[in-house]
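*Asks:* What follows is coords09.csv; its format and atoms are CSV, C-alpha atoms.
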```csv
chain,number,residue,atom,x,y,z
Z,14,MET,CA,0.0,0.0,0.0
Z,15,ASP,CA,1.2,3.5,-0.9
Z,16,VAL,CA,0.6,6.7,0.9
Z,17,HIS,CA,0.7,10.4,-0.1
Z,18,GLU,CA,3.8,12.6,0.5
Z,19,TYR,CA,2.3,14.5,3.4
Z,20,GLN,CA,1.3,11.2,5.1
Z,21,ALA,CA,4.8,9.8,4.7
Z,22,LYS,CA,6.2,13.0,6.2
Z,23,GLU,CA,3.9,12.8,9.2
Z,24,LEU,CA,5.1,9.3,9.9
Z,25,LEU,CA,8.8,10.3,9.4
Z,26,ALA,CA,8.4,13.3,11.7
Z,27,SER,CA,6.9,11.1,14.4
Z,28,PHE,CA,10.2,9.1,14.3
Z,29,GLY,CA,12.3,12.3,14.6
Z,30,VAL,CA,13.1,12.9,10.9
Z,31,ALA,CA,13.2,16.7,10.2
Z,32,VAL,CA,10.8,17.9,7.6
Z,33,ALA,CA,9.8,21.3,6.3
Z,34,LYS,CA,6.6,22.8,7.8
Z,35,GLY,CA,3.6,22.0,5.7
Z,36,ALA,CA,-0.2,21.5,5.6
Z,37,VAL,CA,-2.6,19.6,3.3
Z,38,ALA,CA,-5.5,21.5,1.5
Z,39,PHE,CA,-8.5,20.2,-0.4
Z,40,SER,CA,-9.5,23.6,-2.0
Z,41,PRO,CA,-7.8,26.8,-3.2
Z,42,ASP,CA,-9.1,28.7,-0.2
Z,43,GLN,CA,-7.7,26.1,2.1
Z,44,ALA,CA,-4.4,26.3,0.3
Z,45,VAL,CA,-4.2,30.1,0.9
Z,46,TYR,CA,-5.2,29.6,4.6
Z,47,ALA,CA,-2.5,27.0,5.0
Z,48,ALA,CA,0.1,29.3,3.5
Z,49,THR,CA,-0.9,32.1,5.9
Z,50,GLU,CA,-0.7,29.7,8.9
Z,51,LEU,CA,2.7,28.4,7.9
Z,52,GLY,CA,4.1,32.0,7.5
Z,53,GLY,CA,7.1,33.0,5.5
Z,54,SER,CA,7.0,34.4,2.0
Z,55,PHE,CA,7.9,31.4,-0.2
Z,56,TRP,CA,5.9,28.2,-0.6
Z,57,ALA,CA,5.7,25.1,-2.6
Z,58,VAL,CA,2.3,23.8,-3.7
Z,59,LYS,CA,2.5,20.1,-4.4
Z,60,ALA,CA,-0.1,17.8,-6.0
Z,61,GLN,CA,-0.6,14.7,-3.9
Z,62,ILE,CA,-0.7,11.5,-6.0
Z,63,HIS,CA,0.8,8.1,-5.6
Z,64,ALA,CA,3.5,8.6,-8.2
Z,65,GLY,CA,6.8,10.4,-8.6
Z,66,ALA,CA,8.2,12.8,-11.2
Z,67,ARG,CA,5.6,15.4,-10.3
Z,68,GLY,CA,7.9,18.3,-10.8
Z,69,LYS,CA,8.5,17.6,-14.4
Z,70,ALA,CA,4.8,17.3,-15.1
Z,71,GLY,CA,3.8,20.6,-13.4
Z,72,GLY,CA,2.7,19.0,-10.2
Z,73,ILE,CA,4.9,21.2,-8.0
Z,74,LYS,CA,4.8,25.0,-8.2
Z,75,LEU,CA,6.9,27.5,-6.2
Z,76,CYS,CA,4.8,30.6,-5.1
Z,77,ARG,CA,5.8,34.0,-3.6
Z,78,THR,CA,2.3,35.4,-3.1
Z,79,TYR,CA,-1.1,34.1,-1.8
Z,80,ASN,CA,-2.6,34.7,-5.2
Z,81,GLU,CA,0.0,32.4,-6.8
Z,82,VAL,CA,-0.8,29.8,-4.1
Z,83,ARG,CA,-4.5,30.0,-4.9
Z,84,ASP,CA,-3.9,29.8,-8.7
Z,85,ALA,CA,-1.5,26.8,-8.4
Z,86,ALA,CA,-3.9,24.9,-6.2
Z,87,LYS,CA,-6.8,25.7,-8.5
Z,88,ASN,CA,-4.9,24.5,-11.5
Z,89,MET,CA,-4.1,21.2,-9.8
Z,90,LEU,CA,-7.2,20.2,-7.9
Z,91,GLY,CA,-9.8,18.2,-9.8
Z,92,LYS,CA,-7.4,17.4,-12.6
Z,93,ARG,CA,-5.5,14.3,-13.6
Z,94,LEU,CA,-1.8,14.6,-13.4
Z,95,VAL,CA,0.2,12.6,-15.9
Z,96,THR,CA,3.8,11.9,-15.0
Z,97,ALA,CA,6.5,9.4,-16.3
Z,98,GLN,CA,5.3,7.0,-13.5
Z,99,THR,CA,1.5,7.2,-13.9
Z,100,GLY,CA,1.0,6.0,-17.4
Z,101,PRO,CA,-1.1,8.0,-20.0
Z,102,GLU,CA,-4.2,7.8,-17.9
Z,103,GLY,CA,-2.6,9.8,-15.0
Z,104,LYS,CA,-3.8,10.1,-11.4
Z,105,PRO,CA,-6.5,12.3,-10.0
Z,106,VAL,CA,-5.4,15.2,-7.8
Z,107,GLN,CA,-7.8,15.6,-4.9
Z,108,ARG,CA,-5.5,17.3,-2.4
Z,109,VAL,CA,-2.4,19.5,-2.4
Z,110,TYR,CA,0.3,20.0,0.1
Z,111,ILE,CA,1.5,23.5,1.0
Z,112,GLU,CA,5.0,23.6,2.3
Z,113,THR,CA,7.4,26.3,3.3
Z,114,ALA,CA,10.2,26.6,0.6
Z,115,ASP,CA,13.4,27.2,2.5
Z,116,PRO,CA,16.6,27.7,0.5
Z,117,PHE,CA,19.1,24.9,0.5
Z,118,ASP,CA,22.6,24.2,-0.6
Z,119,ARG,CA,22.6,20.5,-1.7
Z,120,GLU,CA,20.2,17.7,-2.7
Z,121,ILE,CA,20.9,14.1,-1.7
Z,122,TYR,CA,19.2,10.8,-2.4
Z,123,LEU,CA,18.3,8.4,0.5
Z,124,GLY,CA,16.3,5.3,0.1
Z,125,TYR,CA,15.4,2.1,1.9
Z,126,VAL,CA,14.1,-1.0,0.2
Z,127,LEU,CA,13.3,-4.6,1.1
Z,128,ASP,CA,15.8,-6.7,-0.9
Z,129,ARG,CA,13.9,-9.9,-1.2
Z,130,LYS,CA,16.8,-11.8,-2.8
Z,131,ALA,CA,19.2,-10.9,0.1
Z,132,GLU,CA,16.3,-11.1,2.6
Z,133,ARG,CA,17.6,-7.9,4.1
Z,134,VAL,CA,16.8,-4.2,4.2
Z,135,ARG,CA,19.1,-2.3,1.8
Z,136,VAL,CA,20.0,1.3,2.3
Z,137,ILE,CA,20.8,3.3,-0.9
Z,138,ALA,CA,22.2,6.8,-0.9
Z,139,SER,CA,23.7,9.1,-3.5
Z,140,LYS,CA,25.2,12.6,-3.8
Z,141,HIS,CA,22.8,13.2,-6.7
Z,142,GLY,CA,19.5,14.1,-5.2
Z,143,GLY,CA,16.4,15.1,-7.2
Z,144,MET,CA,17.0,12.4,-9.8
Z,145,ASP,CA,15.3,9.0,-10.2
Z,146,ILE,CA,17.3,6.2,-8.7
Z,147,GLU,CA,17.2,4.4,-12.1
Z,148,GLU,CA,18.7,7.5,-13.7
Z,149,ILE,CA,21.4,7.7,-11.2
Z,150,ALA,CA,22.3,4.0,-11.6
Z,151,GLU,CA,22.4,4.4,-15.4
Z,152,LYS,CA,24.4,7.6,-15.5
Z,153,ASP,CA,26.8,7.2,-12.6
Z,154,PRO,CA,26.5,3.8,-10.9
Z,155,GLU,CA,29.6,4.5,-8.8
Z,156,ALA,CA,27.7,7.3,-7.1
Z,157,LEU,CA,25.4,4.8,-5.4
Z,158,ILE,CA,26.3,4.1,-1.8
Z,159,GLN,CA,24.7,0.8,-0.6
Z,160,VAL,CA,24.6,-0.8,2.9
Z,161,VAL,CA,22.9,-4.1,3.7
Z,162,VAL,CA,21.4,-4.2,7.2
Z,163,GLU,CA,21.8,-7.3,9.4
Z,164,PRO,CA,18.3,-7.8,10.8
Z,165,ALA,CA,19.5,-9.2,14.1
Z,166,VAL,CA,21.1,-5.9,15.1
Z,167,GLY,CA,19.5,-3.4,12.8
Z,168,LEU,CA,21.2,-0.4,11.2
Z,169,GLN,CA,24.2,0.7,13.2
Z,170,GLN,CA,25.4,4.2,14.0
Z,171,PHE,CA,28.8,3.6,12.3
Z,172,GLN,CA,27.1,2.5,9.1
Z,173,ALA,CA,25.0,5.7,9.1
Z,174,ARG,CA,28.2,7.7,9.7
Z,175,GLU,CA,30.0,5.9,6.8
Z,176,ILE,CA,27.1,6.8,4.5
Z,177,ALA,CA,27.1,10.5,5.7
Z,178,PHE,CA,30.9,10.9,5.1
Z,179,GLN,CA,30.7,9.2,1.7
Z,180,LEU,CA,28.0,11.8,0.8
Z,181,GLY,CA,30.7,14.5,1.3
Z,182,LEU,CA,29.0,16.2,4.3
Z,183,ASN,CA,30.9,18.3,6.8
Z,184,ILE,CA,31.2,17.4,10.5
Z,185,LYS,CA,28.1,19.5,11.5
Z,186,GLN,CA,26.0,18.1,8.6
Z,187,VAL,CA,27.2,14.5,9.3
Z,188,SER,CA,25.7,14.7,12.8
Z,189,ALA,CA,22.3,15.8,11.4
Z,190,ALA,CA,22.5,13.3,8.6
Z,191,VAL,CA,23.2,10.3,10.9
Z,192,LYS,CA,20.2,11.2,13.0
Z,193,THR,CA,18.0,11.3,9.9
Z,194,ILE,CA,19.4,8.1,8.4
Z,195,MET,CA,18.9,6.2,11.7
Z,196,ASN,CA,15.4,7.6,12.4
Z,197,ALA,CA,14.2,7.0,8.8
Z,198,TYR,CA,15.4,3.4,9.2
Z,199,ARG,CA,13.3,3.0,12.4
Z,200,ALA,CA,10.3,4.4,10.6
Z,201,PHE,CA,10.8,1.9,7.7
Z,202,ARG,CA,11.3,-1.0,10.1
Z,203,ASP,CA,8.6,-0.3,12.7
Z,204,CYS,CA,5.9,0.5,10.2
Z,205,ASP,CA,6.5,-2.6,8.1
Z,206,GLY,CA,7.7,-0.7,5.1
Z,207,THR,CA,8.7,-2.2,1.8
Z,208,MET,CA,10.1,1.0,0.3
Z,209,LEU,CA,11.0,4.5,1.6
Z,210,GLU,CA,12.5,7.1,-0.7
Z,211,ILE,CA,13.5,10.5,0.5
Z,212,ASN,CA,14.4,12.4,-2.7
Z,213,PRO,CA,15.6,14.9,-2.3
Z,214,LEU,CA,17.1,15.0,1.2
Z,215,VAL,CA,18.4,18.6,1.4
Z,216,VAL,CA,21.2,20.3,3.3
Z,217,THR,CA,20.2,23.9,4.2
Z,218,LYS,CA,22.5,26.9,4.5
Z,219,ASP,CA,22.5,26.5,8.3
Z,220,ASP,CA,23.6,22.8,8.1
Z,221,ARG,CA,20.2,21.3,8.8
Z,222,VAL,CA,19.2,18.1,6.9
Z,223,LEU,CA,15.5,18.1,5.8
Z,224,ALA,CA,13.3,15.5,4.0
Z,225,LEU,CA,12.0,17.7,1.2
Z,226,ASP,CA,10.0,14.8,-0.4
Z,227,ALA,CA,9.1,11.3,0.8
Z,228,LYS,CA,7.5,8.2,-0.7
Z,229,MET,CA,6.6,5.2,1.4
Z,230,SER,CA,5.1,1.8,0.6
Z,231,PHE,CA,3.9,-0.8,3.1
Z,232,ASP,CA,3.4,-4.5,3.3
Z,233,ASP,CA,-0.3,-5.2,2.8
Z,234,ASN,CA,-0.1,-8.3,4.9
Z,235,ALA,CA,1.0,-6.3,7.9
Z,236,LEU,CA,-1.7,-3.7,7.8
Z,237,PHE,CA,-3.9,-5.5,10.3
Z,238,ARG,CA,-1.4,-4.4,13.0
Z,239,ARG,CA,-0.8,-0.9,11.5
Z,240,ARG,CA,-4.3,0.5,11.6
Z,241,ASN,CA,-3.0,4.1,11.6
Z,242,ILE,CA,-1.3,3.4,8.3
Z,243,ALA,CA,-4.2,1.3,6.8
Z,244,ASP,CA,-6.5,4.4,7.5
Z,245,MET,CA,-4.2,6.4,5.2
Z,246,HIS,CA,-5.3,4.4,2.2
Z,247,ASP,CA,-6.6,6.6,-0.7
Z,248,PRO,CA,-8.8,4.4,-2.9
Z,249,SER,CA,-9.0,7.2,-5.6
Z,250,GLN,CA,-5.3,6.5,-6.5
Z,251,GLY,CA,-5.9,2.9,-7.5
Z,252,ASP,CA,-8.0,0.9,-9.9
Z,253,PRO,CA,-11.6,1.1,-8.6
Z,254,ARG,CA,-12.1,-2.5,-9.7
Z,255,GLU,CA,-9.2,-3.6,-7.4
Z,256,ALA,CA,-10.9,-1.8,-4.5
Z,257,GLN,CA,-14.2,-3.5,-5.3
Z,258,ALA,CA,-12.4,-6.9,-5.6
Z,259,ALA,CA,-10.8,-6.4,-2.2
Z,260,GLU,CA,-14.2,-5.8,-0.6
Z,261,HIS,CA,-15.2,-9.3,-1.8
Z,262,ALA,CA,-11.9,-11.0,-0.9
Z,263,LEU,CA,-11.0,-11.4,-4.6
Z,264,ASN,CA,-7.5,-10.8,-5.9
Z,265,TYR,CA,-7.8,-8.7,-9.0
Z,266,ILE,CA,-5.2,-6.8,-11.1
Z,267,GLY,CA,-6.3,-5.1,-14.3
Z,268,LEU,CA,-4.1,-5.6,-17.4
Z,269,ASP,CA,-4.4,-4.4,-21.0
Z,270,GLY,CA,-5.4,-7.6,-22.9
Z,271,GLU,CA,-8.8,-8.8,-24.3
Z,272,ILE,CA,-9.2,-12.2,-22.5
Z,273,GLY,CA,-10.8,-11.9,-19.1
Z,274,CYS,CA,-9.6,-14.5,-16.6
Z,275,ILE,CA,-11.5,-16.0,-13.6
Z,276,VAL,CA,-9.3,-18.6,-11.9
Z,277,ASN,CA,-9.0,-20.2,-8.5
Z,278,GLY,CA,-5.5,-20.0,-7.0
Z,279,ALA,CA,-2.7,-17.5,-7.7
Z,280,GLY,CA,-0.4,-20.0,-9.2
Z,281,LEU,CA,-3.0,-21.4,-11.6
Z,282,ALA,CA,-4.0,-17.8,-12.5
Z,283,MET,CA,-0.4,-17.1,-13.5
Z,284,ALA,CA,-0.2,-20.3,-15.5
Z,285,THR,CA,-3.4,-19.4,-17.2
Z,286,MET,CA,-2.1,-16.0,-18.2
Z,287,ASP,CA,1.1,-17.6,-19.5
Z,288,MET,CA,-0.8,-20.1,-21.5
Z,289,ILE,CA,-3.0,-17.4,-23.1
Z,290,LYS,CA,0.2,-15.6,-24.1
Z,291,HIS,CA,1.6,-18.8,-25.5
Z,292,ALA,CA,-1.5,-19.3,-27.6
Z,293,GLY,CA,-1.1,-15.9,-29.1
Z,294,GLY,CA,-3.6,-13.9,-26.9
Z,295,SER,CA,-3.3,-11.4,-24.2
Z,296,PRO,CA,-4.9,-11.6,-20.7
Z,297,ALA,CA,-7.1,-8.7,-19.6
Z,298,ASN,CA,-6.6,-9.3,-15.9
Z,299,PHE,CA,-5.3,-11.4,-13.1
Z,300,LEU,CA,-8.2,-12.7,-10.9
Z,301,ASP,CA,-8.0,-15.3,-8.2
Z,302,VAL,CA,-11.4,-16.1,-6.7
Z,303,GLY,CA,-9.8,-18.1,-3.9
Z,304,GLY,CA,-10.3,-21.5,-2.5
Z,305,GLY,CA,-13.7,-21.0,-1.0
Z,306,ALA,CA,-15.4,-19.2,-3.8
Z,307,SER,CA,-19.2,-19.2,-3.4
Z,308,PRO,CA,-21.6,-18.6,-6.4
Z,309,GLU,CA,-22.0,-15.0,-5.2
Z,310,ARG,CA,-18.3,-14.3,-5.3
Z,311,VAL,CA,-18.0,-15.9,-8.8
Z,312,ALA,CA,-20.8,-13.6,-9.9
Z,313,THR,CA,-19.0,-10.6,-8.5
Z,314,ALA,CA,-15.9,-11.8,-10.4
Z,315,PHE,CA,-17.8,-11.8,-13.6
Z,316,ARG,CA,-19.0,-8.2,-13.1
Z,317,LEU,CA,-15.5,-7.1,-12.3
Z,318,VAL,CA,-14.1,-8.7,-15.4
Z,319,LEU,CA,-16.9,-7.3,-17.6
Z,320,SER,CA,-16.4,-3.8,-16.3
Z,321,ASP,CA,-13.3,-3.7,-18.6
Z,322,ASP,CA,-14.5,-2.6,-22.0
Z,323,ASN,CA,-11.5,-4.3,-23.7
Z,324,VAL,CA,-12.7,-7.8,-22.7
Z,325,LYS,CA,-13.8,-9.8,-25.8
Z,326,VAL,CA,-14.1,-13.3,-24.1
Z,327,ILE,CA,-14.0,-14.7,-20.6
Z,328,LEU,CA,-12.0,-17.8,-19.6
Z,329,VAL,CA,-13.0,-19.6,-16.4
Z,330,ASN,CA,-10.3,-22.0,-15.3
Z,331,ILE,CA,-11.0,-24.0,-12.1
Z,332,PHE,CA,-9.0,-26.8,-10.6
Z,333,ALA,CA,-11.1,-27.7,-7.5
Z,334,GLY,CA,-9.4,-29.0,-4.5
Z,335,ILE,CA,-10.6,-27.0,-1.5
Z,336,ASN,CA,-13.3,-25.6,-3.8
Z,337,ARG,CA,-15.9,-27.6,-5.7
Z,338,CYS,CA,-16.7,-27.6,-9.4
Z,339,ASP,CA,-20.5,-27.7,-8.8
Z,340,TRP,CA,-20.2,-24.5,-6.7
Z,341,ILE,CA,-18.2,-22.8,-9.4
Z,342,ALA,CA,-20.6,-24.0,-12.1
Z,343,GLU,CA,-23.6,-22.6,-10.2
Z,344,GLY,CA,-21.7,-19.3,-9.9
Z,345,VAL,CA,-20.9,-19.3,-13.6
Z,346,VAL,CA,-24.6,-19.9,-14.6
Z,347,GLN,CA,-25.9,-17.4,-12.1
Z,348,ALA,CA,-23.4,-14.7,-13.2
Z,349,ALA,CA,-24.0,-15.3,-16.9
Z,350,LYS,CA,-27.7,-14.9,-16.5
Z,351,GLU,CA,-27.5,-11.9,-14.1
Z,352,VAL,CA,-25.1,-9.8,-16.3
Z,353,LYS,CA,-26.7,-10.9,-19.6
Z,354,LEU,CA,-23.4,-12.1,-20.9
Z,355,ALA,CA,-22.7,-10.7,-24.4
Z,356,VAL,CA,-19.2,-12.2,-24.9
Z,357,PRO,CA,-18.1,-15.8,-25.5
Z,358,LEU,CA,-17.5,-17.8,-22.3
Z,359,VAL,CA,-14.9,-20.6,-22.2
Z,360,VAL,CA,-15.0,-22.9,-19.1
Z,361,ARG,CA,-12.6,-25.5,-18.0
Z,362,LEU,CA,-13.4,-27.5,-14.8
Z,363,ALA,CA,-11.3,-30.2,-13.1
Z,364,GLY,CA,-11.1,-31.7,-9.7
Z,365,THR,CA,-13.7,-32.2,-6.9
Z,366,ASN,CA,-17.2,-32.8,-8.2
Z,367,VAL,CA,-16.2,-32.1,-11.8
Z,368,GLU,CA,-18.9,-34.3,-13.3
Z,369,ALA,CA,-21.6,-32.5,-11.3
Z,370,GLY,CA,-20.2,-29.2,-12.3
Z,371,LYS,CA,-20.2,-30.2,-16.0
Z,372,LYS,CA,-23.8,-31.4,-15.8
Z,373,ILE,CA,-24.9,-28.0,-14.3
Z,374,LEU,CA,-23.2,-26.2,-17.2
Z,375,ALA,CA,-24.7,-28.6,-19.8
Z,376,ASP,CA,-28.2,-28.2,-18.3
Z,377,SER,CA,-28.0,-24.4,-18.0
Z,378,GLY,CA,-29.0,-23.6,-21.6
Z,379,LEU,CA,-26.1,-21.2,-21.9
Z,380,ASP,CA,-24.0,-21.0,-25.0
Z,381,LEU,CA,-20.7,-22.1,-23.5
Z,382,ILE,CA,-17.4,-23.3,-24.9
Z,383,THR,CA,-16.0,-26.1,-22.7
Z,384,ALA,CA,-12.5,-27.5,-22.6
Z,385,ASP,CA,-10.8,-30.4,-20.8
Z,386,SER,CA,-7.3,-29.1,-20.4
Z,387,LEU,CA,-5.7,-25.7,-19.8
Z,388,SER,CA,-4.0,-25.5,-23.2
Z,389,GLU,CA,-7.2,-26.4,-24.9
Z,390,ALA,CA,-9.1,-23.7,-22.9
Z,391,ALA,CA,-6.5,-21.1,-23.7
Z,392,GLN,CA,-6.5,-21.9,-27.4
Z,393,LYS,CA,-10.3,-21.8,-27.6
Z,394,ALA,CA,-10.3,-18.4,-25.7
Z,395,VAL,CA,-7.8,-16.9,-28.1
Z,396,GLU,CA,-9.8,-18.2,-31.2
Z,397,ALA,CA,-13.0,-16.8,-29.7
Z,398,SER,CA,-11.4,-13.4,-29.1
Z,399,ARG,CA,-10.1,-13.2,-32.7
Z,400,HIS,CA,-13.6,-13.9,-34.0
Z,401,ALA,CA,-15.1,-11.3,-31.7
Z,402,LYS,CA,-12.6,-8.7,-33.1
Z,403,HIS,CA,-13.8,-9.4,-36.6
```
When written as structure tokens, how does the structure in this file appear?
*Replies:*
Amino acid sequence: MDVHEYQAKELLASFGVAVAKGAVAFSPDQAVYAATELGGSFWAVKAQIHAGARGKAGGIKLCRTYNEVRDAAKNMLGKRLVTAQTGPEGKPVQRVYIETADPFDREIYLGYVLDRKAERVRVIASKHGGMDIEEIAEKDPEALIQVVVEPAVGLQQFQAREIAFQLGLNIKQVSAAVKTIMNAYRAFRDCDGTMLEINPLVVTKDDRVLALDAKMSFDDNALFRRRNIADMHDPSQGDPREAQAAEHALNYIGLDGEIGCIVNGAGLAMATMDMIKHAGGSPANFLDVGGGASPERVATAFRLVLSDDNVKVILVNIFAGINRCDWIAEGVVQAAKEVKLAVPLVVRLAGTNVEAGKKILADSGLDLITADSLSEAAQKAVEASRHAKH
């Protein structure tokens, strides 16, 4: 789960990381009020979306007057911001963050990531702040400073000092940087983070170290014990179908193909997508209905898949172990009748109560395409989608 910049900064500040003063606003008038409350004479108005590269896309404006703050907020709110990380559809801007824009001398990159291969937290830093980490790695890989944290003892002070000195900071700045590096690590660890990126981390003229921007992602499986973080979720930043799927305990991820998939089990769902690609087609989604899929959940899955206008055919692939083929068949028939299915439907059933499931399908009166194997089902789905295009 991702959070907005202002939420990430609230969390970091609670762990002792220094951030610039700021306030969130949901309207141009609120933005002006926030600027007056913050004081000063120079502010940054930042669009709040779950994506980076906002500055290059006009999502960050520097303002010297209240009128400029109002205009910047008005131009951002209610729009969709398209950046290099959002894709062409962009992300809706429903709130802006008003922040005091203090002058600074240097920009630094600081990041924490869960390295699944090493099974460790990896700290990454660079003298080149303000750039994407991929850009830094490509242009100057030697500039990347990396430290792997031993989980039994956590990040140590001497490791943080080594990072700070390699960043070329002076003695006074090193002290502030070490505090920031250690506290940011604690925030990452104690909040069950999977990614924390402070880019840029800036050094001010009076030797302070401030997190000028922050992105955080968290482990979905740990949110049950991090209710304060779970409450920060902004459903407007994700696919509404994925939010609807989560409400019904369905695992759904939208893709850009034309064959809608309804499968039980994540592994089988991946194999089904691979087989569709192997047969020359393209999956429209990943959808795992789970092991205890009731007819109602299968019907919900159908509605989710059909909400994608690109879907030309639906492939139902069930290997029933915990589940039962007759339950799935009932759900397929119920869903097809409820939604008045207008696209070809390919069904492959195997496993528990398979004969009963096939009988339910055969007696349903629906125009179904059946298959006995996964490869056969994928091939028939691809053929059906090609006919539907023509």
*Asks:* Using only C-alpha atoms, which residue out of Z:Thr78, Z:Ser40, Z:Thr193, Z:Ser139 lies closest to Arg108 (chain Z)?
*Replies:*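 Between Z:Thr78, Z:Ser40, Z:Thr193, Z:Ser139, the residue approaching Arg108 (chain Z) most closely is Z:Ser40.
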*Asks:* Write out as a list of chain:residue names the residues lying within 10 Å of region 128-133 of chain Z, counting only C-alpha atoms and excluding same-chain residues fewer than 4 positions away.
*Replies:*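 Once the nearby chain positions are removed, what remains is Z:Val161, Z:Val162, Z:Glu163, Z:Pro164, Z:Gly167, Z:Thr207, Z:Met208.
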*Asks:* Between CA of Val30 (chain Z) and CA of Phe117 (chain Z), what distance in Å does the model show, to one decimal?
*Replies:*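 CA of Phe117 (chain Z) lies 17.0 Å from CA of Val30 (chain Z).
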*Asks:* I'd like the neighbourhood of region 330-345 of chain Z as a PyMOL selection string, where a residue qualifies if any of its atoms comes within 9 Å (using only C-alpha atoms), though same-chain residues fewer than 2 positions away should be ignored.
*Replies:* chain Z and resi 274-278+281-282+285+303-312+315+328+347-350+359-374+387+390
*Asks:* Take the residues that were just selected and, keeping C-alpha atoms, output them as a compact mmCIF listing (two decimals), in the coordinates of the input.
*Replies:*
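Result file is out.txt:
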```txt
# COMPACT_ATOMS: atom_id res chain seq x y z
CA CYS Z 274 -9.60 -14.50 -16.60
CA ILE Z 275 -11.50 -16.00 -13.60
CA VAL Z 276 -9.30 -18.60 -11.90
CA ASN Z 277 -9.00 -20.20 -8.50
CA GLY Z 278 -5.50 -20.00 -7.00
CA LEU Z 281 -3.00 -21.40 -11.60
CA ALA Z 282 -4.00 -17.80 -12.50
CA THR Z 285 -3.40 -19.40 -17.20
CA GLY Z 303 -9.80 -18.10 -3.90
CA GLY Z 304 -10.30 -21.50 -2.50
CA GLY Z 305 -13.70 -21.00 -1.00
CA ALA Z 306 -15.40 -19.20 -3.80
CA SER Z 307 -19.20 -19.20 -3.40
CA PRO Z 308 -21.60 -18.60 -6.40
CA GLU Z 309 -22.00 -15.00 -5.20
CA ARG Z 310 -18.30 -14.30 -5.30
CA VAL Z 311 -18.00 -15.90 -8.80
CA ALA Z 312 -20.80 -13.60 -9.90
CA PHE Z 315 -17.80 -11.80 -13.60
CA LEU Z 328 -12.00 -17.80 -19.60
CA GLN Z 347 -25.90 -17.40 -12.10
CA ALA Z 348 -23.40 -14.70 -13.20
CA ALA Z 349 -24.00 -15.30 -16.90
CA LYS Z 350 -27.70 -14.90 -16.50
CA VAL Z 359 -14.90 -20.60 -22.20
CA VAL Z 360 -15.00 -22.90 -19.10
CA ARG Z 361 -12.60 -25.50 -18.00
CA LEU Z 362 -13.40 -27.50 -14.80
CA ALA Z 363 -11.30 -30.20 -13.10
CA GLY Z 364 -11.10 -31.70 -9.70
CA THR Z 365 -13.70 -32.20 -6.90
CA ASN Z 366 -17.20 -32.80 -8.20
CA VAL Z 367 -16.20 -32.10 -11.80
CA GLU Z 368 -18.90 -34.30 -13.30
CA ALA Z 369 -21.60 -32.50 -11.30
CA GLY Z 370 -20.20 -29.20 -12.30
CA LYS Z 371 -20.20 -30.20 -16.00
CA LYS Z 372 -23.80 -31.40 -15.80
CA ILE Z 373 -24.90 -28.00 -14.30
CA LEU Z 374 -23.20 -26.20 -17.20
CA LEU Z 387 -5.70 -25.70 -19.80
CA ALA Z 390 -9.10 -23.70 -22.90
```
*Asks:* Closest to Glu50 (chain Z) among Z:Tyr79, Z:Phe28, Z:Tyr19, Z:Tyr265, using only C-alpha atoms?
*Replies:*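 Checking each of Z:Tyr79, Z:Phe28, Z:Tyr19, Z:Tyr265 against Glu50 (chain Z), counting only C-alpha atoms, the winner is Z:Tyr79.
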*Asks:* Looking at all atoms listed in the file, which of Z:Thr217, Z:Gln179, Z:Gln61, Z:Ser377 is the one that sits closest to Val32 (chain Z)?
*Replies:* Z:Thr217
*Asks:* List the spatial neighbours of Met283 (chain Z) as a PyMOL selection string - criterion: any atom at most 10 Å away, all atoms listed in the file, same-chain residues fewer than 4 positions off excluded.
*Replies:* chain Z and resi 276+278-279+287-289+299-301
*Asks:* When distances are computed from only C-alpha atoms, which of Z:Asn88, Z:Gln170, Z:Asn264, Z:Gln43 shows the smallest separation from Leu317 (chain Z)?
*Replies:*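 That would be Z:Asn264, the residue with the smallest distance to Leu317 (chain Z).
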*Asks:* How many Å separate CA of Ala44 (chain Z) from CA of Asn212 (chain Z)?
*Replies:*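 Taking CA of Ala44 (chain Z) and CA of Asn212 (chain Z), their separation equals 23.6 Å.
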*Asks:* How far is it from CA of Gln20 (chain Z) to CA of Asp84 (chain Z), in Å with one decimal?
*Replies:* 23.7 Å
*Asks:* So, with all atoms listed in the file as the atoms that count, which of Z:Gly378, Z:Glu351, Z:Leu51, Z:Ala177 lies closest to Val191 (chain Z)?
*Replies:* Z:Ala177
*Asks:* If we count all atoms listed in the file, what is near His17 (chain Z) at a cut-off of 9 Å, once residues fewer than 2 positions away on the same chain are taken out, given as number ranges by chain?
*Replies:* Z: 15, 19-22, 61-64, 227-229, 245-247
*Asks:* Only C-alpha atoms, please: the residues just picked out, written as a CSV table (one decimal), in the coordinates of the input.
*Replies:*
```csv
chain,number,residue,atom,x,y,z
Z,15,ASP,CA,1.2,3.5,-0.9
Z,19,TYR,CA,2.3,14.5,3.4
Z,20,GLN,CA,1.3,11.2,5.1
Z,21,ALA,CA,4.8,9.8,4.7
Z,22,LYS,CA,6.2,13.0,6.2
Z,61,GLN,CA,-0.6,14.7,-3.9
Z,62,ILE,CA,-0.7,11.5,-6.0
Z,63,HIS,CA,0.8,8.1,-5.6
Z,64,ALA,CA,3.5,8.6,-8.2
Z,227,ALA,CA,9.1,11.3,0.8
Z,228,LYS,CA,7.5,8.2,-0.7
Z,229,MET,CA,6.6,5.2,1.4
Z,245,MET,CA,-4.2,6.4,5.2
Z,246,HIS,CA,-5.3,4.4,2.2
Z,247,ASP,CA,-6.6,6.6,-0.7
```
*Asks:* Given the point (-9.4, 14.4, -11.1) in the coordinates of this file, which residues lie within 8 Å, counting all atoms listed in the file, and how would they look as number ranges by chain?
*Replies:* Z: 90-94, 104-107
